[in-house]
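Student: First the structure, then my questions, so here it is.
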Amino acid sequence: MAIVSLGILDPRDSNVYLLKGDRNVLVDSGLGLYTDALAAKVASALGGSSLDMIVLTHCHVDHIGGLKALAKRFGCAAFAHEADAVHIRNGDSKYTLDKYFGMDLGPMDVGDLDDGQIIDIGDHRLEVIHTPGHTEGCICLYDQVTKSLVSGDTVFLYGWGRTDFPGGSSEKMVASLRRLSKLDILGVYPGHGDYSPDQGHDSIVYALRSVGVDIEDY
């Protein structure tokens with residue numbers, strides 16, 4: 001599996017990653033202000049292959065704003081954890097935060113993902129890990145082969161997601177970070193900021209330390 005960072009096209013965008021294998025998965029879709037340019041980057045990275053699915057790490061507009069255009073352009077379905085998928089399907093601005101960016105996304109079609117579900121892309125299998133805290137339905141994708149974590153807004157490179165938006169919870173964020181700390185993680189590919197092929201576990205330990213958790217066991 002190759003993880004291709006497609007970068008950002010607006011300072012408010014999320015990172016967008018293409019996970020390439022026998023099947024190809026796009027993780028998040030950015031804010032949606034420059035979808036033609038993003039679609040061109042996706043097509044270039046695919047190199048003639050098809051895009052099989054879009055996975056959304058959570059329901060915030062900076063991660064889902066480009067979904068309609070990208071799903072139509074590549075003819076693929078999109079998925080999110082069931083706790084956030086319902087807000088995306090309902091176009092619930094309280095949770096998508098689209099009005100915060102002066103946008104009106106409206107309802108969008110997404111399927112449900114469950115904790116522990118496996119996304120099979122051929123030579124690699126991506127495990128869906130439910131990590132509530134930033135939103136109720138935040139997820140990470142973990143590849144046991146490369147020990148890579150696509151972490152959305154749960155954990156950043158030496159940082160973690162804020163918990164003061166609707167659906168957020170500091171207590172659940174700490175529990176999610178504890179859960180991630182038990183995994184053998186090398187690479188971390190977050191929803192914002194830089195990524196690293198080898199500082200994933202250290203970033204999670206840093207986040208736990210920063211929220212006051214005793215890290216002797218980590």
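Each chain in the structure tokens gets a letter, A, B, ..., in the order shown, and its residues are numbered from 1; ligands are numbered from 1 in order too.
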Which of stretch 18-187 of chain A counts as strand (DSSP E) under DSSP, as number ranges by chain please?
Tutor: A: 18-20, 25-27, 53-55, 77-81, 111-113, 118-120, 125-130, 139-143, 148-152, 155-156, 159-160, 187
Student: Write out the residues from the selection above, keeping C-alpha atoms, as a compact mmCIF listing (two decimals), in the first residue's frame.
Tutor:
# COMPACT_ATOMS: atom_id res chain seq x y z
CA LEU A 18 -5.04 8.47 -1.36
CA LEU A 19 -4.40 4.92 -0.11
CA LYS A 20 -3.31 2.93 -3.15
CA VAL A 25 -9.39 4.63 -1.08
CA LEU A 26 -9.56 8.41 -0.75
CA VAL A 27 -9.57 9.60 2.85
CA MET A 53 -14.38 4.45 -2.26
CA ILE A 54 -14.15 7.60 -0.17
CA VAL A 55 -13.80 7.30 3.60
CA ALA A 77 -19.55 5.56 -2.80
CA ALA A 78 -18.57 7.29 0.45
CA PHE A 79 -18.59 6.03 4.01
CA ALA A 80 -18.30 7.37 7.55
CA HIS A 81 -18.81 5.98 11.02
CA GLY A 111 -22.90 4.61 4.06
CA ASP A 112 -22.09 3.45 7.58
CA LEU A 113 -18.82 2.10 8.92
CA ILE A 118 -11.98 -4.17 7.70
CA ILE A 119 -11.54 -2.36 4.40
CA ASP A 120 -9.78 -4.81 2.12
CA ARG A 125 -6.38 -4.50 5.20
CA LEU A 126 -7.41 -1.24 6.85
CA GLU A 127 -9.05 -1.54 10.25
CA VAL A 128 -11.67 1.06 11.15
CA ILE A 129 -11.00 2.25 14.69
CA HIS A 130 -13.76 4.31 16.31
CA ILE A 139 -12.46 7.22 13.09
CA CYS A 140 -8.87 6.30 12.33
CA LEU A 141 -7.71 3.76 9.74
CA TYR A 142 -4.93 1.38 10.81
CA ASP A 143 -2.84 -0.83 8.55
CA SER A 148 0.42 3.27 9.61
CA LEU A 149 -2.41 5.24 11.20
CA VAL A 150 -4.52 7.66 9.17
CA SER A 151 -5.75 9.56 12.19
CA GLY A 152 -8.15 12.30 11.08
CA VAL A 155 -4.26 12.82 16.90
CA PHE A 156 -1.89 15.07 14.98
CA GLY A 159 -1.10 17.31 18.96
CA TRP A 160 -4.72 16.18 19.24
CA GLY A 187 3.44 6.30 10.74
Student: May I have the residues within 7 Å of A:Glu136 as a list in words, using only C-alpha atoms and disregarding those fewer than 5 positions away in the same chain?
Tutor: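 Returned residues: Ala83, Asp84, Gly167 and Gly168 of chain A.
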Student: Name all residues at most 6 Å from A:Asp13 (count only C-alpha atoms; drop same-chain ones fewer than 4 positions away) and give them as a list in words.
Tutor: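 Once the nearby chain positions are removed, what remains is Ile8, Gly30, Leu31 and Asp62 of chain A.
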Student: Between A:Ala40, A:Leu186, A:Leu51, A:Val61, which residue has the minimum interatomic distance to A:Arg12, considering only C-alpha atoms?
Tutor: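 Using only C-alpha atoms, A:Arg12 sits closest to A:Val61.
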Student: If DSSP is run on the backbone, what residues of stretch 5-211 of chain A are helix (DSSP H, G or I)? A reply as an mmCIF file with N, CA, C and O atoms, in the first residue's frame would be ideal.
Tutor:
data_model
loop_
_atom_site.group_PDB
_atom_site.id
_atom_site.type_symbol
_atom_site.label_atom_id
_atom_site.label_comp_id
_atom_site.auth_asym_id
_atom_site.auth_seq_id
_atom_site.Cartn_x
_atom_site.Cartn_y
_atom_site.Cartn_z
ATOM 1 N N THR A 35 -12.610 21.879 -5.835
ATOM 2 C CA THR A 35 -12.746 20.449 -6.103
ATOM 3 C C THR A 35 -12.215 20.050 -7.472
ATOM 4 O O THR A 35 -11.749 18.913 -7.641
ATOM 5 N N ASP A 36 -12.276 20.937 -8.450
ATOM 6 C CA ASP A 36 -11.719 20.595 -9.767
ATOM 7 C C ASP A 36 -10.218 20.343 -9.661
ATOM 8 O O ASP A 36 -9.690 19.377 -10.231
ATOM 9 N N ALA A 37 -9.540 21.217 -8.918
ATOM 10 C CA ALA A 37 -8.099 21.056 -8.749
ATOM 11 C C ALA A 37 -7.789 19.805 -7.933
ATOM 12 O O ALA A 37 -6.839 19.067 -8.245
ATOM 13 N N LEU A 38 -8.584 19.535 -6.899
ATOM 14 C CA LEU A 38 -8.358 18.335 -6.101
ATOM 15 C C LEU A 38 -8.635 17.083 -6.924
ATOM 16 O O LEU A 38 -7.874 16.111 -6.856
ATOM 17 N N ALA A 39 -9.702 17.095 -7.709
ATOM 18 C CA ALA A 39 -10.013 15.946 -8.553
ATOM 19 C C ALA A 39 -8.882 15.663 -9.533
ATOM 20 O O ALA A 39 -8.560 14.500 -9.799
ATOM 21 N N ALA A 40 -8.272 16.714 -10.057
ATOM 22 C CA ALA A 40 -7.143 16.531 -10.972
ATOM 23 C C ALA A 40 -5.963 15.886 -10.258
ATOM 24 O O ALA A 40 -5.270 15.022 -10.832
ATOM 25 N N LYS A 41 -5.723 16.275 -9.012
ATOM 26 C CA LYS A 41 -4.633 15.671 -8.241
ATOM 27 C C LYS A 41 -4.922 14.202 -7.942
ATOM 28 O O LYS A 41 -4.027 13.352 -7.996
ATOM 29 N N VAL A 42 -6.178 13.906 -7.622
ATOM 30 C CA VAL A 42 -6.559 12.517 -7.370
ATOM 31 C C VAL A 42 -6.351 11.680 -8.631
ATOM 32 O O VAL A 42 -5.757 10.598 -8.591
ATOM 33 N N ALA A 43 -6.841 12.178 -9.758
ATOM 34 C CA ALA A 43 -6.703 11.443 -11.023
ATOM 35 C C ALA A 43 -5.247 11.207 -11.376
ATOM 36 O O ALA A 43 -4.873 10.122 -11.831
ATOM 37 N N SER A 44 -4.422 12.209 -11.165
ATOM 38 C CA SER A 44 -3.000 12.057 -11.454
ATOM 39 C C SER A 44 -2.373 10.988 -10.571
ATOM 40 O O SER A 44 -1.586 10.159 -11.034
ATOM 41 N N ALA A 45 -2.720 11.004 -9.275
ATOM 42 C CA ALA A 45 -2.167 10.021 -8.339
ATOM 43 C C ALA A 45 -2.666 8.619 -8.650
ATOM 44 O O ALA A 45 -1.943 7.637 -8.442
ATOM 45 N N LEU A 46 -3.888 8.501 -9.153
ATOM 46 C CA LEU A 46 -4.431 7.188 -9.508
ATOM 47 C C LEU A 46 -3.725 6.606 -10.720
ATOM 48 O O LEU A 46 -3.641 5.383 -10.873
ATOM 49 N N VAL A 61 -17.103 19.985 8.041
ATOM 50 C CA VAL A 61 -17.139 20.469 6.662
ATOM 51 C C VAL A 61 -15.759 20.515 6.007
ATOM 52 O O VAL A 61 -15.645 20.291 4.797
ATOM 53 N N ASP A 62 -14.719 20.793 6.763
ATOM 54 C CA ASP A 62 -13.391 20.870 6.154
ATOM 55 C C ASP A 62 -12.877 19.503 5.711
ATOM 56 O O ASP A 62 -11.886 19.416 4.980
ATOM 57 N N HIS A 63 -13.593 18.448 6.092
ATOM 58 C CA HIS A 63 -13.246 17.088 5.665
ATOM 59 C C HIS A 63 -14.240 16.509 4.664
ATOM 60 O O HIS A 63 -13.913 15.539 3.977
ATOM 61 N N ILE A 64 -15.446 17.077 4.602
ATOM 62 C CA ILE A 64 -16.495 16.490 3.760
ATOM 63 C C ILE A 64 -17.005 17.433 2.670
ATOM 64 O O ILE A 64 -17.821 17.030 1.838
ATOM 65 N N LEU A 67 -17.104 16.280 -0.980
ATOM 66 C CA LEU A 67 -17.585 14.919 -1.202
ATOM 67 C C LEU A 67 -18.482 14.783 -2.433
ATOM 68 O O LEU A 67 -18.283 13.892 -3.257
ATOM 69 N N LYS A 68 -19.494 15.632 -2.546
ATOM 70 C CA LYS A 68 -20.440 15.490 -3.655
ATOM 71 C C LYS A 68 -19.717 15.515 -4.995
ATOM 72 O O LYS A 68 -19.951 14.664 -5.868
ATOM 73 N N ALA A 69 -18.851 16.491 -5.171
ATOM 74 C CA ALA A 69 -18.165 16.642 -6.453
ATOM 75 C C ALA A 69 -17.229 15.471 -6.728
ATOM 76 O O ALA A 69 -17.168 14.965 -7.860
ATOM 77 N N LEU A 70 -16.499 15.018 -5.732
ATOM 78 C CA LEU A 70 -15.545 13.927 -5.947
ATOM 79 C C LEU A 70 -16.255 12.597 -6.182
ATOM 80 O O LEU A 70 -15.837 11.802 -7.038
ATOM 81 N N ALA A 71 -17.324 12.346 -5.415
ATOM 82 C CA ALA A 71 -18.073 11.096 -5.605
ATOM 83 C C ALA A 71 -18.677 11.046 -7.007
ATOM 84 O O ALA A 71 -18.683 9.993 -7.658
ATOM 85 N N LYS A 72 -19.169 12.178 -7.481
ATOM 86 C CA LYS A 72 -19.727 12.228 -8.837
ATOM 87 C C LYS A 72 -18.632 12.069 -9.885
ATOM 88 O O LYS A 72 -18.789 11.327 -10.863
ATOM 89 N N ARG A 73 -17.512 12.745 -9.666
ATOM 90 C CA ARG A 73 -16.417 12.707 -10.646
ATOM 91 C C ARG A 73 -15.869 11.296 -10.813
ATOM 92 O O ARG A 73 -15.583 10.850 -11.934
ATOM 93 N N PHE A 74 -15.726 10.548 -9.705
ATOM 94 C CA PHE A 74 -15.079 9.237 -9.773
ATOM 95 C C PHE A 74 -16.069 8.074 -9.685
ATOM 96 O O PHE A 74 -15.663 6.910 -9.763
ATOM 97 N N GLU A 82 -21.073 5.380 11.621
ATOM 98 C CA GLU A 82 -22.516 5.574 11.704
ATOM 99 C C GLU A 82 -22.917 6.757 12.586
ATOM 100 O O GLU A 82 -23.922 7.432 12.299
ATOM 101 N N ALA A 83 -22.132 7.057 13.631
ATOM 102 C CA ALA A 83 -22.486 8.152 14.530
ATOM 103 C C ALA A 83 -22.372 9.513 13.863
ATOM 104 O O ALA A 83 -23.047 10.469 14.270
ATOM 105 N N ASP A 84 -21.507 9.620 12.853
ATOM 106 C CA ASP A 84 -21.372 10.877 12.103
ATOM 107 C C ASP A 84 -22.078 10.812 10.758
ATOM 108 O O ASP A 84 -22.508 11.840 10.219
ATOM 109 N N ALA A 85 -22.221 9.618 10.201
ATOM 110 C CA ALA A 85 -22.864 9.474 8.897
ATOM 111 C C ALA A 85 -24.293 10.007 8.927
ATOM 112 O O ALA A 85 -24.762 10.617 7.956
ATOM 113 N N VAL A 86 -24.979 9.824 10.034
ATOM 114 C CA VAL A 86 -26.358 10.300 10.131
ATOM 115 C C VAL A 86 -26.424 11.819 9.997
ATOM 116 O O VAL A 86 -27.345 12.358 9.367
ATOM 117 N N HIS A 87 -25.445 12.535 10.543
ATOM 118 C CA HIS A 87 -25.428 13.998 10.436
ATOM 119 C C HIS A 87 -25.125 14.440 9.004
ATOM 120 O O HIS A 87 -25.655 15.448 8.533
ATOM 121 N N ILE A 88 -24.268 13.685 8.322
ATOM 122 C CA ILE A 88 -23.945 14.006 6.920
ATOM 123 C C ILE A 88 -25.168 13.757 6.042
ATOM 124 O O ILE A 88 -25.505 14.577 5.181
ATOM 125 N N ARG A 89 -25.845 12.637 6.249
ATOM 126 C CA ARG A 89 -27.046 12.332 5.460
ATOM 127 C C ARG A 89 -28.158 13.342 5.698
ATOM 128 O O ARG A 89 -28.931 13.663 4.787
ATOM 129 N N ASN A 90 -28.238 13.862 6.929
ATOM 130 C CA ASN A 90 -29.290 14.823 7.263
ATOM 131 C C ASN A 90 -28.896 16.266 6.954
ATOM 132 O O ASN A 90 -29.734 17.170 7.066
ATOM 133 N N SER A 93 -26.283 21.054 10.103
ATOM 134 C CA SER A 93 -25.237 22.072 10.222
ATOM 135 C C SER A 93 -24.673 22.180 11.634
ATOM 136 O O SER A 93 -23.526 22.602 11.813
ATOM 137 N N LYS A 94 -25.454 21.800 12.635
ATOM 138 C CA LYS A 94 -24.947 21.850 14.011
ATOM 139 C C LYS A 94 -23.706 20.984 14.154
ATOM 140 O O LYS A 94 -22.781 21.328 14.909
ATOM 141 N N TYR A 95 -23.679 19.886 13.413
ATOM 142 C CA TYR A 95 -22.576 18.938 13.527
ATOM 143 C C TYR A 95 -21.570 19.045 12.380
ATOM 144 O O TYR A 95 -20.381 18.801 12.578
ATOM 145 N N THR A 96 -22.035 19.393 11.184
ATOM 146 C CA THR A 96 -21.082 19.510 10.072
ATOM 147 C C THR A 96 -20.315 20.818 10.108
ATOM 148 O O THR A 96 -19.254 20.926 9.496
ATOM 149 N N LYS A 99 -22.064 26.107 8.285
ATOM 150 C CA LYS A 99 -22.395 27.527 8.430
ATOM 151 C C LYS A 99 -21.221 28.299 9.017
ATOM 152 O O LYS A 99 -21.062 29.499 8.761
ATOM 153 N N TYR A 100 -20.407 27.622 9.800
ATOM 154 C CA TYR A 100 -19.216 28.238 10.389
ATOM 155 C C TYR A 100 -18.272 28.738 9.296
ATOM 156 O O TYR A 100 -17.552 29.716 9.478
ATOM 157 N N PHE A 101 -18.312 28.082 8.138
ATOM 158 C CA PHE A 101 -17.479 28.459 6.999
ATOM 159 C C PHE A 101 -18.282 29.200 5.931
ATOM 160 O O PHE A 101 -17.814 29.374 4.809
ATOM 161 N N SER A 170 -14.018 15.562 25.964
ATOM 162 C CA SER A 170 -12.645 15.420 26.445
ATOM 163 C C SER A 170 -12.413 14.025 27.013
ATOM 164 O O SER A 170 -11.353 13.420 26.806
ATOM 165 N N GLU A 171 -13.400 13.509 27.745
ATOM 166 C CA GLU A 171 -13.250 12.195 28.349
ATOM 167 C C GLU A 171 -13.117 11.112 27.280
ATOM 168 O O GLU A 171 -12.277 10.212 27.388
ATOM 169 N N LYS A 172 -13.923 11.221 26.236
ATOM 170 C CA LYS A 172 -13.844 10.227 25.164
ATOM 171 C C LYS A 172 -12.555 10.363 24.366
ATOM 172 O O LYS A 172 -12.002 9.368 23.895
ATOM 173 N N MET A 173 -12.072 11.609 24.233
ATOM 174 C CA MET A 173 -10.796 11.792 23.539
ATOM 175 C C MET A 173 -9.671 11.085 24.282
ATOM 176 O O MET A 173 -8.835 10.398 23.673
ATOM 177 N N VAL A 174 -9.624 11.232 25.597
ATOM 178 C CA VAL A 174 -8.587 10.563 26.385
ATOM 179 C C VAL A 174 -8.695 9.052 26.226
ATOM 180 O O VAL A 174 -7.687 8.355 26.047
ATOM 181 N N ALA A 175 -9.920 8.530 26.263
ATOM 182 C CA ALA A 175 -10.105 7.087 26.094
ATOM 183 C C ALA A 175 -9.648 6.631 24.709
ATOM 184 O O ALA A 175 -9.040 5.558 24.572
ATOM 185 N N SER A 176 -9.915 7.441 23.707
ATOM 186 C CA SER A 176 -9.487 7.087 22.349
ATOM 187 C C SER A 176 -7.972 7.100 22.231
ATOM 188 O O SER A 176 -7.377 6.214 21.606
ATOM 189 N N LEU A 177 -7.331 8.095 22.831
ATOM 190 C CA LEU A 177 -5.870 8.146 22.802
ATOM 191 C C LEU A 177 -5.268 6.956 23.542
ATOM 192 O O LEU A 177 -4.268 6.380 23.095
ATOM 193 N N ARG A 178 -5.871 6.590 24.655
ATOM 194 C CA ARG A 178 -5.402 5.401 25.386
ATOM 195 C C ARG A 178 -5.497 4.156 24.492
ATOM 196 O O ARG A 178 -4.583 3.325 24.466
ATOM 197 N N ARG A 179 -6.608 4.034 23.794
ATOM 198 C CA ARG A 179 -6.786 2.869 22.921
ATOM 199 C C ARG A 179 -5.723 2.842 21.832
ATOM 200 O O ARG A 179 -5.121 1.796 21.559
ATOM 201 N N LEU A 180 -5.474 3.981 21.197
ATOM 202 C CA LEU A 180 -4.465 4.034 20.140
ATOM 203 C C LEU A 180 -3.075 3.724 20.682
ATOM 204 O O LEU A 180 -2.243 3.149 19.972
ATOM 205 N N SER A 181 -2.818 4.103 21.926
ATOM 206 C CA SER A 181 -1.481 3.885 22.495
ATOM 207 C C SER A 181 -1.155 2.407 22.647
ATOM 208 O O SER A 181 0.017 2.041 22.783
ATOM 209 N N GLY A 200 4.456 8.141 14.958
ATOM 210 C CA GLY A 200 3.078 7.972 15.372
ATOM 211 C C GLY A 200 2.918 7.689 16.854
ATOM 212 O O GLY A 200 2.147 8.358 17.550
ATOM 213 N N HIS A 201 3.625 6.682 17.346
ATOM 214 C CA HIS A 201 3.477 6.325 18.760
ATOM 215 C C HIS A 201 3.922 7.477 19.654
ATOM 216 O O HIS A 201 3.258 7.788 20.655
ATOM 217 N N ASP A 202 5.015 8.120 19.312
ATOM 218 C CA ASP A 202 5.494 9.246 20.115
ATOM 219 C C ASP A 202 4.469 10.374 20.154
ATOM 220 O O ASP A 202 4.311 11.042 21.179
ATOM 221 N N SER A 203 3.759 10.595 19.061
ATOM 222 C CA SER A 203 2.751 11.640 19.018
ATOM 223 C C SER A 203 1.583 11.319 19.938
ATOM 224 O O SER A 203 1.025 12.207 20.599
ATOM 225 N N ILE A 204 1.207 10.048 19.986
ATOM 226 C CA ILE A 204 0.115 9.643 20.868
ATOM 227 C C ILE A 204 0.527 9.770 22.328
ATOM 228 O O ILE A 204 -0.230 10.261 23.173
ATOM 229 N N VAL A 205 1.735 9.349 22.654
ATOM 230 C CA VAL A 205 2.235 9.490 24.021
ATOM 231 C C VAL A 205 2.293 10.969 24.413
ATOM 232 O O VAL A 205 1.928 11.351 25.531
ATOM 233 N N TYR A 206 2.753 11.806 23.494
ATOM 234 C CA TYR A 206 2.793 13.251 23.760
ATOM 235 C C TYR A 206 1.398 13.789 24.066
ATOM 236 O O TYR A 206 1.216 14.578 24.998
ATOM 237 N N ALA A 207 0.409 13.357 23.278
ATOM 238 C CA ALA A 207 -0.958 13.823 23.498
ATOM 239 C C ALA A 207 -1.468 13.382 24.862
ATOM 240 O O ALA A 207 -2.089 14.170 25.592
ATOM 241 N N LEU A 208 -1.206 12.139 25.232
ATOM 242 C CA LEU A 208 -1.640 11.663 26.545
ATOM 243 C C LEU A 208 -0.967 12.438 27.669
ATOM 244 O O LEU A 208 -1.601 12.826 28.648
ATOM 245 N N ARG A 209 0.320 12.655 27.526
ATOM 246 C CA ARG A 209 1.038 13.428 28.538
ATOM 247 C C ARG A 209 0.452 14.837 28.659
ATOM 248 O O ARG A 209 0.301 15.373 29.764
ATOM 249 N N SER A 210 0.110 15.416 27.524
ATOM 250 C CA SER A 210 -0.382 16.792 27.509
ATOM 251 C C SER A 210 -1.750 16.925 28.183
ATOM 252 O O SER A 210 -2.080 18.006 28.682
#
Student: I need the residue nearest A:Gly106 from this list: A:Gly65, A:Val145, A:Ser5, A:Pro197. Use only C-alpha atoms for the distance.
Tutor: A:Gly65
Student: Measuring atom to atom with only C-alpha atoms, identify which of A:His192, A:Arg23, A:Leu6, A:Leu33 is nearest to A:Gly102.
Tutor: A:Leu33
Student: Could you tell me which of A:Leu157, A:Val110, A:Met1, A:Ile185 comes closest to A:Leu56 if we count only C-alpha atoms?
Tutor: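 Among the listed residues, A:Val110 lies closest to A:Leu56.
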Student: Go ahead and compute the interatomic distance for atom CA of A:Gln144 and atom CA of A:Gly193, in Å to one decimal.
Tutor: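 Value for the atom CA of A:Gln144-atom CA of A:Gly193 distance: 23.3 Å.
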Student: Expressed in Å to a single decimal, how great is the separation between atom CA of A:Gly122 and atom CA of A:Gly137?
Tutor: 26.0 Å
